[in-house]
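Participant: Please see the structure below; I have some questions.
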Amino acid sequence: MAVKRGGLIIFEGLDRIGKTTQSKLLYDHLTLECGLLCERLSFPDRSTQIGSLIDSYLQRKIDFNDHTIHLLFSANRWESIDLMRTKLLQGYTLIVDRYAYSGVAFTQAKGLDIKWCQSCDVGLLKPDLVLYFHRNKQSNCLSFTGDERYETKSFQEKVEFYFEQLRSSSSEQWKDVNVIDKHNVEMRDKESIQNEIRLYVKNCLDGIKSNHIDELWK
Ligand code: 2DT
């Protein structure tokens with residue numbers, strides 16, 4: 001019997017909002033409990049030559065202008081596309097921490113034009129599901145600050161605005177994962193967030209009926 005392709009599942013959202021923790025939990029669930037073929041990736045992939053330039057930029061060791069670093073982030077996705085396509089067609093579900101949506105939202109937050117930002121990623125693999133981690137704006141229990149570039153509250157708030165614009169104009173399947181509890185006071189517990197995600201992912205994987213993979217933003 002022909003192999004059914006895996007799903008391309010993207011975790012998106014601001015820094016320090018729980019994407020990595022949840023993507024690891026999902027990976028364990030899909031591989032150990034469901035017996036599925038699955039791999040986790042993240043962008044930027046700092047292990048490649050382009051990724052190492054991005055890493056140095058994020059750590060403020062080198063500088064690029066805003067257009068150049070945007071193109072490097074995009075190239076870092078393009079250099080993975082063949083492997084990602086092969087894996088999907090072999091039946092692997094790919095769980096990916098950040099994708100072109102981070103690319104666009106972070107660069108738009110610096111003032112660049114959305115059309116230009118999107119153009120470099122047109123034709124990448126189109127996700128089957130985008131899990132958008134967000135918070136109620138009134139909540140104050142998340143810290144966005146860290147040592148790398150972009151990790152300030154004011155910049156993250158700008159990025160959040162552009163993520164929400166992308167979310168509302170996107171033709172991909174997005175699901176919102178609100179990480180704050182319903183009283184707006186604290187983070188929801190990990191298990192309840194994970195259960196919500198598993199439901200979205202199950203529906204997404206059940207809904208994949210053909211091995212064709214669409215192209216992003218085409
Ligand atoms: P991590 O902390 O998740 O490693 O991300 N970024 C990411 C961009 O500006 N453009 C992109 O295309 C991508 C994928 C988000 C490091 C930072 O890089 C930002 C945070």
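Each chain in the structure tokens gets a letter, A, B, ..., in the order shown, and its residues are numbered from 1; ligands are numbered from 1 in order too.
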List every residue of stretch 100-168 of chain A that has an atom at most 12 Å from any atom of stretch 65-83 of chain A, and for each one report the closest atom pair and its distance in Å to one decimal, counting only C-alpha atoms, with rows sorted by chain and then by increasing residue number, as JSON lines.
Facilitator:
```
{"residue": "A:Ala100", "atom": "CA", "partner": "A:Ser74", "partner_atom": "CA", "distance": 7.3}
{"residue": "A:Tyr101", "atom": "CA", "partner": "A:Ser74", "partner_atom": "CA", "distance": 10.6}
{"residue": "A:Ser102", "atom": "CA", "partner": "A:Phe73", "partner_atom": "CA", "distance": 9.6}
{"residue": "A:Gly103", "atom": "CA", "partner": "A:Phe73", "partner_atom": "CA", "distance": 6.8}
{"residue": "A:Val104", "atom": "CA", "partner": "A:His70", "partner_atom": "CA", "distance": 8.3}
{"residue": "A:Ala105", "atom": "CA", "partner": "A:His70", "partner_atom": "CA", "distance": 10.7}
{"residue": "A:Phe106", "atom": "CA", "partner": "A:His70", "partner_atom": "CA", "distance": 8.9}
{"residue": "A:Thr107", "atom": "CA", "partner": "A:His70", "partner_atom": "CA", "distance": 6.7}
{"residue": "A:Gln108", "atom": "CA", "partner": "A:Asp66", "partner_atom": "CA", "distance": 9.9}
{"residue": "A:Ala109", "atom": "CA", "partner": "A:Asp66", "partner_atom": "CA", "distance": 10.6}
{"residue": "A:Lys110", "atom": "CA", "partner": "A:Asp66", "partner_atom": "CA", "distance": 7.6}
{"residue": "A:Gly111", "atom": "CA", "partner": "A:Asp66", "partner_atom": "CA", "distance": 9.3}
{"residue": "A:Leu112", "atom": "CA", "partner": "A:His67", "partner_atom": "CA", "distance": 8.1}
{"residue": "A:Asp113", "atom": "CA", "partner": "A:His67", "partner_atom": "CA", "distance": 10.4}
{"residue": "A:Ile114", "atom": "CA", "partner": "A:His70", "partner_atom": "CA", "distance": 11.8}
{"residue": "A:Trp116", "atom": "CA", "partner": "A:His67", "partner_atom": "CA", "distance": 9.3}
{"residue": "A:Cys117", "atom": "CA", "partner": "A:His70", "partner_atom": "CA", "distance": 7.5}
{"residue": "A:Gln118", "atom": "CA", "partner": "A:Ser74", "partner_atom": "CA", "distance": 9.5}
{"residue": "A:Ser119", "atom": "CA", "partner": "A:Ser74", "partner_atom": "CA", "distance": 9.8}
{"residue": "A:Cys120", "atom": "CA", "partner": "A:Ser74", "partner_atom": "CA", "distance": 6.4}
{"residue": "A:Asp121", "atom": "CA", "partner": "A:Ser74", "partner_atom": "CA", "distance": 6.2}
{"residue": "A:Val122", "atom": "CA", "partner": "A:Ser74", "partner_atom": "CA", "distance": 9.9}
{"residue": "A:Gly123", "atom": "CA", "partner": "A:Trp78", "partner_atom": "CA", "distance": 9.4}
{"residue": "A:Leu124", "atom": "CA", "partner": "A:Ile81", "partner_atom": "CA", "distance": 7.0}
{"residue": "A:Leu125", "atom": "CA", "partner": "A:Ile81", "partner_atom": "CA", "distance": 7.2}
{"residue": "A:Lys126", "atom": "CA", "partner": "A:Ile81", "partner_atom": "CA", "distance": 10.9}
```
Participant: Mind the document's chain letters and residue numbers, and return as a VMD selection string the residues of chain A that DSSP labels strand (DSSP E).
Facilitator: chain A and resid 8 to 13 38 to 42 93 to 97 129 to 134 174 to 178
Participant: What does the file look like for those residues with C-alpha atoms, as a compact mmCIF listing (two decimals), in the first residue's frame?
Facilitator:
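Written file, result_20.txt:
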```txt
# COMPACT_ATOMS: atom_id res chain seq x y z
CA LEU A 8 3.39 19.75 8.23
CA ILE A 9 2.54 21.31 11.58
CA ILE A 10 3.91 24.70 12.52
CA PHE A 11 4.18 26.21 15.99
CA GLU A 12 4.13 30.00 15.81
CA GLY A 13 3.96 32.86 18.27
CA CYS A 38 7.60 12.16 13.31
CA GLU A 39 10.43 14.70 13.39
CA ARG A 40 10.93 18.04 15.11
CA LEU A 41 12.63 20.95 13.35
CA SER A 42 13.07 24.56 14.20
CA THR A 93 4.86 14.27 10.31
CA LEU A 94 7.04 17.35 10.78
CA ILE A 95 6.59 19.47 13.88
CA VAL A 96 8.23 22.80 13.14
CA ASP A 97 9.03 25.53 15.64
CA LEU A 129 -1.79 23.39 10.36
CA VAL A 130 -0.45 26.51 12.08
CA LEU A 131 -0.78 26.48 15.86
CA TYR A 132 -0.68 30.11 16.91
CA PHE A 133 0.37 30.54 20.54
CA HIS A 134 -0.98 33.77 21.91
CA TRP A 174 -4.67 28.34 11.85
CA LYS A 175 -5.72 27.33 15.33
CA ASP A 176 -5.35 29.71 18.25
CA VAL A 177 -3.80 28.35 21.42
CA ASN A 178 -4.35 30.82 24.23
```
Participant: Kindly give the distance, in Å, that separates atom CA of A:Asn211 and atom CA of A:Glu172, rounded to a single decimal.
Facilitator: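 Result for atom CA of A:Asn211 versus atom CA of A:Glu172: 17.0 Å, one decimal.
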Participant: Among the residues of stretch 37-136 of chain A, find those DSSP assigns to helix (DSSP H, G or I) from the backbone and print them as JSON, numbers by chain.
Facilitator: {"A": [49, 50, 51, 52, 53, 54, 55, 56, 57, 58, 66, 67, 68, 69, 70, 71, 72, 73, 74, 75, 76, 77, 78, 81, 82, 83, 84, 85, 86, 87, 88, 89, 100, 101, 102, 103, 104, 105, 106, 107, 108, 114, 115, 116, 117, 118, 119]}
Participant: Which of these residues is nearest to A:Gln194, using only C-alpha atoms: A:Ile54, A:Leu26, A:Val159, A:Ile180?
Facilitator: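 With only C-alpha atoms as the atom set, the closest residue is A:Leu26.
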